[in-house]
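Notes follow the structure.
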Amino acid sequence: MTEGIKAGVDVASPKRTKDIIARYGFTFKKSLGQNFLIDQNILRNIVSAAELDETKGALEIGPGIGALTQKLAHAAGRVAAVEIDNRLIPILTDVLADTPNVHVVHGDVLKLDLAELLREQFAGLSGVSVVANLPYYVTTPILMKLLEEKLPLEHIVVMIQKEVAQRMAAKPGGKEYGSLSVAVQYYCVPELVCIVPHTVFIPQPNVDSAVIKLSLRDKPAVEVEDEAHFFQTVQACFAQRRKTIANNLTAYVGKVNREKLGPLLEGIGIDPSRRGETLSLEEFASLSRALLAADLRSS
């Protein structure tokens with residue numbers, strides 16, 4: 001039986017992280033994308049971006065050994081940390097023993113009822129933000145769950161793969177701009193906080209990361225009649241990036257409706273020869289509405 005880590009000791013350093021790994025005999029699971037952050041400045045930047053205070057709560061996803069959790073506990077009124085790996089629960093229990101405002105939940109965030117979790121954990125607080133170092137392999141599913149379920153969140157501040165963060169914040173016209181950009185910006189205002197080199201993790205990933213702040217909009221960026229159809233339209237326009245909007249949409253609505261697309265696009269001021277990466281959110285919304293009005297959609 002190993003001696004536990006002393007409560008209150010700041011775990012975010014190479015020496016302390018390695019010590020914890022050794023004490024508890026912890027081994028990293030590549031399948032869970034486990035990379036522990038060991039840089040104090042990056043942690044402070046993440047917490048600062050979340051704009052927390054004692055009246056607000058923080059939902060952390062994947063706390064690992066509690067490096068970020070410790071910082072959140074001092075900044076927020078309450079922290080709920082969801083960890084999928086049951087081997088980390090005793091480590092977190094020891095590390096966070098002197099932080100009574102932290103509640104660790106053992107579970108898969110993709111399967112949890114997050115609306116209920118927020119009600120249970122953050123009742124009486126003035127706002128809640130998600131703050132997390134997300135595993136690369138599950139970044140997009142987690143973020144889309146948070147957004148599509150329309151949870152009452154103020155901010156989502158997450159560390160993710162640099163290229164994915166750049167796509168989320170990309171503007172029309174560049175190679176990074178795509179369906180993920182549109183989906184995120186429909187719900188949020190994105191802001192790149194900082195780039196994080198791969199050298200500040202144990203173990204080191206193969207690529208650099210970035211911290212991105214997503215501030216939830218009071219209402220979506222554009223008005224659409226059917227959200228599902230809007231996102232289907234966006235996906236269709238990016239189906240093959242080198243193809244024009246007209247060609248991509250032909251595959252979406254069927255060749256039998258091809259002749260209708262040219263006049264429809266021109267009628268809303270969109271050149272059929274443009275590519276999806278050049279369209280703004282407003283243009284995607286206009287296109288979605290026009291396709292609905294003309295009853296042109298994937299069968």
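Following the order of the structure tokens, first chain is A, next is B, and so on, with residues numbered from 1 inside each chain and ligands from 1 in the order they appear.
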
Using only C-alpha atoms, which residues sit within 10 Å of Lys171 (chain A) once same-chain residues fewer than 4 positions away are excluded, as an mmCIF file with all heavy atoms, in the first residue's frame?
data_model
loop_
_atom_site.group_PDB
_atom_site.id
_atom_site.type_symbol
_atom_site.label_atom_id
_atom_site.label_comp_id
_atom_site.auth_asym_id
_atom_site.auth_seq_id
_atom_site.Cartn_x
_atom_site.Cartn_y
_atom_site.Cartn_z
ATOM 1 N N GLN A 166 -7.574 26.222 -34.221
ATOM 2 C CA GLN A 166 -7.484 27.168 -35.326
ATOM 3 C C GLN A 166 -8.667 27.019 -36.273
ATOM 4 O O GLN A 166 -9.164 28.015 -36.802
ATOM 5 C CB GLN A 166 -6.159 26.982 -36.068
ATOM 6 C CG GLN A 166 -4.949 27.441 -35.255
ATOM 7 C CD GLN A 166 -3.621 27.066 -35.881
ATOM 8 O OE1 GLN A 166 -3.517 26.053 -36.596
ATOM 9 N NE2 GLN A 166 -2.590 27.845 -35.617
ATOM 10 N N ARG A 167 -9.136 25.795 -36.476
ATOM 11 C CA ARG A 167 -10.315 25.602 -37.331
ATOM 12 C C ARG A 167 -11.560 26.195 -36.680
ATOM 13 O O ARG A 167 -12.407 26.773 -37.362
ATOM 14 C CB ARG A 167 -10.528 24.103 -37.612
ATOM 15 C CG ARG A 167 -9.472 23.495 -38.506
ATOM 16 C CD ARG A 167 -9.990 22.282 -39.259
ATOM 17 N NE ARG A 167 -10.429 21.211 -38.390
ATOM 18 C CZ ARG A 167 -9.645 20.234 -37.937
ATOM 19 N NH1 ARG A 167 -8.355 20.235 -38.244
ATOM 20 N NH2 ARG A 167 -10.123 19.279 -37.175
ATOM 21 N N LYS A 175 -8.047 27.981 -45.505
ATOM 22 C CA LYS A 175 -8.104 26.522 -45.568
ATOM 23 C C LYS A 175 -8.580 25.909 -44.253
ATOM 24 O O LYS A 175 -9.067 24.778 -44.227
ATOM 25 C CB LYS A 175 -6.743 25.955 -45.965
ATOM 26 C CG LYS A 175 -5.629 26.214 -44.961
ATOM 27 C CD LYS A 175 -4.328 25.597 -45.432
ATOM 28 C CE LYS A 175 -3.215 25.832 -44.401
ATOM 29 N NZ LYS A 175 -1.934 25.210 -44.814
ATOM 30 N N GLU A 176 -8.438 26.655 -43.115
ATOM 31 C CA GLU A 176 -8.880 26.111 -41.827
ATOM 32 C C GLU A 176 -10.397 26.180 -41.658
ATOM 33 O O GLU A 176 -10.971 25.473 -40.848
ATOM 34 C CB GLU A 176 -8.222 26.872 -40.662
ATOM 35 C CG GLU A 176 -6.725 26.677 -40.534
ATOM 36 C CD GLU A 176 -5.949 27.714 -41.314
ATOM 37 O OE1 GLU A 176 -6.599 28.591 -41.921
ATOM 38 O OE2 GLU A 176 -4.705 27.645 -41.341
ATOM 39 N N TYR A 177 -11.040 27.057 -42.419
ATOM 40 C CA TYR A 177 -12.483 27.286 -42.274
ATOM 41 C C TYR A 177 -13.267 26.110 -42.852
ATOM 42 O O TYR A 177 -13.047 25.701 -43.990
ATOM 43 C CB TYR A 177 -12.853 28.570 -43.002
ATOM 44 C CG TYR A 177 -14.293 29.011 -42.866
ATOM 45 C CD1 TYR A 177 -14.778 29.570 -41.686
ATOM 46 C CD2 TYR A 177 -15.168 28.917 -43.952
ATOM 47 C CE1 TYR A 177 -16.090 30.004 -41.582
ATOM 48 C CE2 TYR A 177 -16.483 29.361 -43.861
ATOM 49 C CZ TYR A 177 -16.939 29.897 -42.672
ATOM 50 O OH TYR A 177 -18.238 30.330 -42.577
ATOM 51 N N GLY A 178 -14.168 25.559 -42.038
ATOM 52 C CA GLY A 178 -14.957 24.423 -42.493
ATOM 53 C C GLY A 178 -16.215 24.255 -41.669
ATOM 54 O O GLY A 178 -16.639 25.172 -40.946
ATOM 55 N N SER A 181 -15.913 25.111 -38.006
ATOM 56 C CA SER A 181 -15.892 26.563 -37.775
ATOM 57 C C SER A 181 -17.312 27.102 -37.699
ATOM 58 O O SER A 181 -17.667 27.875 -36.798
ATOM 59 C CB SER A 181 -15.140 27.287 -38.902
ATOM 60 O OG SER A 181 -13.971 26.623 -39.288
ATOM 61 N N VAL A 182 -18.134 26.701 -38.664
ATOM 62 C CA VAL A 182 -19.516 27.186 -38.728
ATOM 63 C C VAL A 182 -20.304 26.724 -37.512
ATOM 64 O O VAL A 182 -21.034 27.505 -36.886
ATOM 65 C CB VAL A 182 -20.194 26.718 -40.030
ATOM 66 C CG1 VAL A 182 -21.671 27.119 -40.031
ATOM 67 C CG2 VAL A 182 -19.481 27.298 -41.248
ATOM 68 N N GLN A 185 -19.081 28.631 -34.349
ATOM 69 C CA GLN A 185 -19.386 30.062 -34.382
ATOM 70 C C GLN A 185 -20.886 30.342 -34.441
ATOM 71 O O GLN A 185 -21.322 31.454 -34.118
ATOM 72 C CB GLN A 185 -18.656 30.710 -35.555
ATOM 73 C CG GLN A 185 -17.142 30.699 -35.350
ATOM 74 C CD GLN A 185 -16.351 31.122 -36.562
ATOM 75 O OE1 GLN A 185 -16.774 31.992 -37.319
ATOM 76 N NE2 GLN A 185 -15.194 30.504 -36.760
ATOM 77 N N GLU A 277 -15.857 27.059 -48.494
ATOM 78 C CA GLU A 277 -14.993 27.774 -47.556
ATOM 79 C C GLU A 277 -15.078 29.290 -47.672
ATOM 80 O O GLU A 277 -14.549 30.002 -46.826
ATOM 81 C CB GLU A 277 -13.543 27.327 -47.742
ATOM 82 C CG GLU A 277 -12.942 27.720 -49.068
ATOM 83 C CD GLU A 277 -11.677 26.951 -49.393
ATOM 84 O OE1 GLU A 277 -11.644 25.720 -49.186
ATOM 85 O OE2 GLU A 277 -10.728 27.581 -49.861
ATOM 86 N N THR A 278 -15.774 29.793 -48.720
ATOM 87 C CA THR A 278 -15.894 31.250 -48.887
ATOM 88 C C THR A 278 -17.196 31.798 -48.306
ATOM 89 O O THR A 278 -17.374 33.015 -48.234
ATOM 90 C CB THR A 278 -15.824 31.638 -50.377
ATOM 91 O OG1 THR A 278 -17.010 31.180 -51.050
ATOM 92 C CG2 THR A 278 -14.593 31.060 -51.035
ATOM 93 N N LEU A 279 -18.107 30.935 -47.883
ATOM 94 C CA LEU A 279 -19.421 31.395 -47.416
ATOM 95 C C LEU A 279 -19.395 31.776 -45.942
ATOM 96 O O LEU A 279 -18.824 31.080 -45.113
ATOM 97 C CB LEU A 279 -20.481 30.309 -47.629
ATOM 98 C CG LEU A 279 -21.273 30.377 -48.936
ATOM 99 C CD1 LEU A 279 -20.353 30.182 -50.125
ATOM 100 C CD2 LEU A 279 -22.391 29.327 -48.939
ATOM 101 N N SER A 280 -20.037 32.883 -45.626
ATOM 102 C CA SER A 280 -20.194 33.322 -44.238
ATOM 103 C C SER A 280 -21.351 32.575 -43.591
ATOM 104 O O SER A 280 -22.144 31.901 -44.270
ATOM 105 C CB SER A 280 -20.474 34.820 -44.193
ATOM 106 O OG SER A 280 -21.739 35.102 -44.792
ATOM 107 N N LEU A 281 -21.484 32.710 -42.274
ATOM 108 C CA LEU A 281 -22.623 32.096 -41.590
ATOM 109 C C LEU A 281 -23.937 32.625 -42.131
ATOM 110 O O LEU A 281 -24.907 31.879 -42.289
ATOM 111 C CB LEU A 281 -22.533 32.352 -40.072
ATOM 112 C CG LEU A 281 -21.864 31.259 -39.227
ATOM 113 C CD1 LEU A 281 -20.368 31.219 -39.512
ATOM 114 C CD2 LEU A 281 -22.113 31.479 -37.751
#

Just asking: which residues within region 99-229 of chain A are strand (DSSP E) according to DSSP, as a PyMOL selection string?
chain A and resi 102-106+127-133+155-161+188-196+201-202+209-216

Export of the given selection (C-alpha atoms) as a PDB file, in the first residue's frame:
ATOM      1  CA  VAL A 102     -14.658  20.150  -5.460  1.00  0.00           C
ATOM      2  CA  HIS A 103     -16.862  17.166  -6.308  1.00  0.00           C
ATOM      3  CA  VAL A 104     -15.318  14.389  -8.408  1.00  0.00           C
ATOM      4  CA  VAL A 105     -17.714  12.432 -10.634  1.00  0.00           C
ATOM      5  CA  HIS A 106     -16.607   9.071 -12.025  1.00  0.00           C
ATOM      6  CA  GLY A 127     -22.998  31.144 -13.778  1.00  0.00           C
ATOM      7  CA  VAL A 128     -21.145  28.033 -14.900  1.00  0.00           C
ATOM      8  CA  SER A 129     -18.285  27.516 -17.355  1.00  0.00           C
ATOM      9  CA  VAL A 130     -16.613  24.399 -18.701  1.00  0.00           C
ATOM     10  CA  VAL A 131     -12.842  24.458 -18.174  1.00  0.00           C
ATOM     11  CA  ALA A 132     -10.809  21.466 -19.323  1.00  0.00           C
ATOM     12  CA  ASN A 133      -7.767  19.900 -20.906  1.00  0.00           C
ATOM     13  CA  HIS A 155     -17.822  30.065 -21.371  1.00  0.00           C
ATOM     14  CA  ILE A 156     -16.104  26.938 -22.579  1.00  0.00           C
ATOM     15  CA  VAL A 157     -12.348  27.250 -22.053  1.00  0.00           C
ATOM     16  CA  VAL A 158     -10.522  24.183 -23.279  1.00  0.00           C
ATOM     17  CA  MET A 159      -7.065  23.065 -24.257  1.00  0.00           C
ATOM     18  CA  ILE A 160      -7.199  21.068 -27.476  1.00  0.00           C
ATOM     19  CA  GLN A 161      -5.030  20.233 -30.479  1.00  0.00           C
ATOM     20  CA  CYS A 188     -20.210  30.881 -29.710  1.00  0.00           C
ATOM     21  CA  VAL A 189     -17.727  33.684 -30.130  1.00  0.00           C
ATOM     22  CA  PRO A 190     -14.304  31.946 -30.312  1.00  0.00           C
ATOM     23  CA  GLU A 191     -11.039  33.436 -29.079  1.00  0.00           C
ATOM     24  CA  LEU A 192      -7.602  31.797 -29.209  1.00  0.00           C
ATOM     25  CA  VAL A 193      -6.032  32.358 -25.782  1.00  0.00           C
ATOM     26  CA  CYS A 194      -2.553  30.876 -26.257  1.00  0.00           C
ATOM     27  CA  ILE A 195      -0.514  28.218 -28.024  1.00  0.00           C
ATOM     28  CA  VAL A 196       0.771  25.414 -25.788  1.00  0.00           C
ATOM     29  CA  PHE A 201       3.013  17.616 -20.875  1.00  0.00           C
ATOM     30  CA  ILE A 202       3.807  14.219 -19.375  1.00  0.00           C
ATOM     31  CA  SER A 209      -2.010  22.372 -28.304  1.00  0.00           C
ATOM     32  CA  ALA A 210      -3.922  25.620 -27.932  1.00  0.00           C
ATOM     33  CA  VAL A 211      -6.276  27.086 -25.361  1.00  0.00           C
ATOM     34  CA  ILE A 212      -9.478  28.364 -26.928  1.00  0.00           C
ATOM     35  CA  LYS A 213     -12.238  30.333 -25.207  1.00  0.00           C
ATOM     36  CA  LEU A 214     -15.761  29.920 -26.528  1.00  0.00           C
ATOM     37  CA  SER A 215     -18.173  32.523 -25.167  1.00  0.00           C
ATOM     38  CA  LEU A 216     -21.737  31.294 -25.528  1.00  0.00           C
TER      39      LEU A 216
END

Fewer than 4 positions away in the same chain doesn't count, so skip those; otherwise give me all residues within 8 Å of Ala183 (chain A), counting only C-alpha atoms, as a ChimeraX atom specification.
/A:179,187,231

Saved selection, atoms kept: C-alpha atoms, as a tab-separated table (two decimals), in the first residue's frame:
chain	number	residue	atom	x	y	z
A	179	SER	CA	-18.08	22.86	-41.04
A	187	TYR	CA	-23.28	28.97	-30.98
A	231	PHE	CA	-26.04	21.94	-40.45

Which residues come within 9 Å of Ala80 (chain A), counting only C-alpha atoms, excluding same-chain residues fewer than 6 positions away, as a ChimeraX atom specification?
/A:57-61,69,101-105,117-118,121-122

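Using only C-alpha atoms, the nearest neighbour of Arg44 (chain A) within the list A:Gly62, A:Ala75, A:Leu32, A:Gly107 is A:Ala75.
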
Residue set, region 106-242 of chain A restricted to helix (DSSP H, G or I), as a PDB file with C-alpha atoms, in the first residue's frame:
ATOM      1  CA  LEU A 114     -25.126  17.187 -18.080  1.00  0.00           C
ATOM      2  CA  ALA A 115     -28.189  19.365 -17.600  1.00  0.00           C
ATOM      3  CA  GLU A 116     -29.037  17.396 -14.454  1.00  0.00           C
ATOM      4  CA  LEU A 117     -25.404  17.473 -13.320  1.00  0.00           C
ATOM      5  CA  LEU A 118     -25.324  21.261 -13.631  1.00  0.00           C
ATOM      6  CA  ARG A 119     -28.564  21.574 -11.649  1.00  0.00           C
ATOM      7  CA  GLU A 120     -27.263  19.311  -8.888  1.00  0.00           C
ATOM      8  CA  GLN A 121     -23.778  20.737  -8.567  1.00  0.00           C
ATOM      9  CA  PHE A 122     -24.194  24.444  -9.247  1.00  0.00           C
ATOM     10  CA  TYR A 136      -7.560  15.003 -28.574  1.00  0.00           C
ATOM     11  CA  TYR A 137      -9.458  11.921 -29.726  1.00  0.00           C
ATOM     12  CA  VAL A 138     -12.791  13.018 -28.278  1.00  0.00           C
ATOM     13  CA  THR A 139     -12.579  16.831 -28.500  1.00  0.00           C
ATOM     14  CA  THR A 140     -15.247  17.397 -31.157  1.00  0.00           C
ATOM     15  CA  PRO A 141     -17.882  14.976 -29.755  1.00  0.00           C
ATOM     16  CA  ILE A 142     -17.567  16.563 -26.306  1.00  0.00           C
ATOM     17  CA  LEU A 143     -17.770  20.134 -27.588  1.00  0.00           C
ATOM     18  CA  MET A 144     -20.722  19.405 -29.863  1.00  0.00           C
ATOM     19  CA  LYS A 145     -22.552  17.721 -26.965  1.00  0.00           C
ATOM     20  CA  LEU A 146     -21.991  20.818 -24.813  1.00  0.00           C
ATOM     21  CA  LEU A 147     -23.268  23.104 -27.582  1.00  0.00           C
ATOM     22  CA  GLU A 148     -26.108  21.056 -29.051  1.00  0.00           C
ATOM     23  CA  LYS A 162      -3.734  23.470 -32.019  1.00  0.00           C
ATOM     24  CA  GLU A 163      -5.029  22.756 -35.515  1.00  0.00           C
ATOM     25  CA  VAL A 164      -8.528  22.013 -34.213  1.00  0.00           C
ATOM     26  CA  ALA A 165      -8.566  25.269 -32.221  1.00  0.00           C
ATOM     27  CA  GLN A 166      -7.484  27.168 -35.326  1.00  0.00           C
ATOM     28  CA  ARG A 167     -10.315  25.602 -37.331  1.00  0.00           C
ATOM     29  CA  MET A 168     -12.846  26.598 -34.681  1.00  0.00           C
ATOM     30  CA  ALA A 169     -11.727  30.224 -34.770  1.00  0.00           C
ATOM     31  CA  SER A 179     -18.080  22.858 -41.039  1.00  0.00           C
ATOM     32  CA  LEU A 180     -16.546  22.807 -37.546  1.00  0.00           C
ATOM     33  CA  SER A 181     -15.892  26.563 -37.775  1.00  0.00           C
ATOM     34  CA  VAL A 182     -19.516  27.186 -38.728  1.00  0.00           C
ATOM     35  CA  ALA A 183     -20.912  24.908 -36.022  1.00  0.00           C
ATOM     36  CA  VAL A 184     -18.840  26.467 -33.244  1.00  0.00           C
ATOM     37  CA  GLN A 185     -19.386  30.062 -34.382  1.00  0.00           C
ATOM     38  CA  TYR A 186     -23.136  29.485 -34.743  1.00  0.00           C
ATOM     39  CA  TYR A 187     -23.283  28.971 -30.979  1.00  0.00           C
ATOM     40  CA  HIS A 198       3.925  19.765 -26.601  1.00  0.00           C
ATOM     41  CA  THR A 199       6.909  19.914 -24.230  1.00  0.00           C
ATOM     42  CA  VAL A 200       4.802  20.959 -21.211  1.00  0.00           C
ATOM     43  CA  GLU A 227     -31.154  23.798 -37.287  1.00  0.00           C
ATOM     44  CA  ALA A 228     -30.698  20.196 -38.412  1.00  0.00           C
ATOM     45  CA  HIS A 229     -31.223  21.200 -42.042  1.00  0.00           C
ATOM     46  CA  PHE A 230     -28.872  24.187 -41.637  1.00  0.00           C
ATOM     47  CA  PHE A 231     -26.040  21.939 -40.448  1.00  0.00           C
ATOM     48  CA  GLN A 232     -26.812  19.358 -43.148  1.00  0.00           C
ATOM     49  CA  THR A 233     -26.509  22.129 -45.734  1.00  0.00           C
ATOM     50  CA  VAL A 234     -23.181  23.241 -44.289  1.00  0.00           C
ATOM     51  CA  GLN A 235     -21.860  19.669 -44.288  1.00  0.00           C
ATOM     52  CA  ALA A 236     -22.987  19.225 -47.895  1.00  0.00           C
ATOM     53  CA  CYS A 237     -21.136  22.359 -49.032  1.00  0.00           C
TER      54      CYS A 237
END

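Distance check against Asp10 (chain A) using only C-alpha atoms: of A:Ala67, A:Ile46, A:Ile38, A:Ala81, the minimum falls on A:Ala67.
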
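When only C-alpha atoms are used to measure the gap to Gly173 (chain A), the shortest distance among A:Arg16, A:Arg274, A:Lys243, A:Lys56 belongs to A:Arg274.
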
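Between CA of Ser288 (chain A) and CA of Val224 (chain A) there is a distance of 7.5 Å.
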
For the atom pair CA of Leu291 (chain A) and CA of Ser273 (chain A), what is the interatomic distance in Å to one decimal place?
17.2 Å

Excluding region 88-97 of chain A and residues on its chain fewer than 5 positions from it, collect all residues at most 12 Å away from it, counting only C-alpha atoms, and give them as a PyMOL selection string.
chain A and resi 2-12+16-17+19-29+34+62-74+79-83+102-107

For Leu265 (chain A), the closest of A:Asn248, A:Ala123, A:Ala290, A:Glu282 counting only C-alpha atoms is A:Ala290

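Using only C-alpha atoms, the shortest contact distance between Glu225 (chain A) and any of A:Ser31, A:Ser286, A:Thr55, A:Gln40 is found at A:Ser286.
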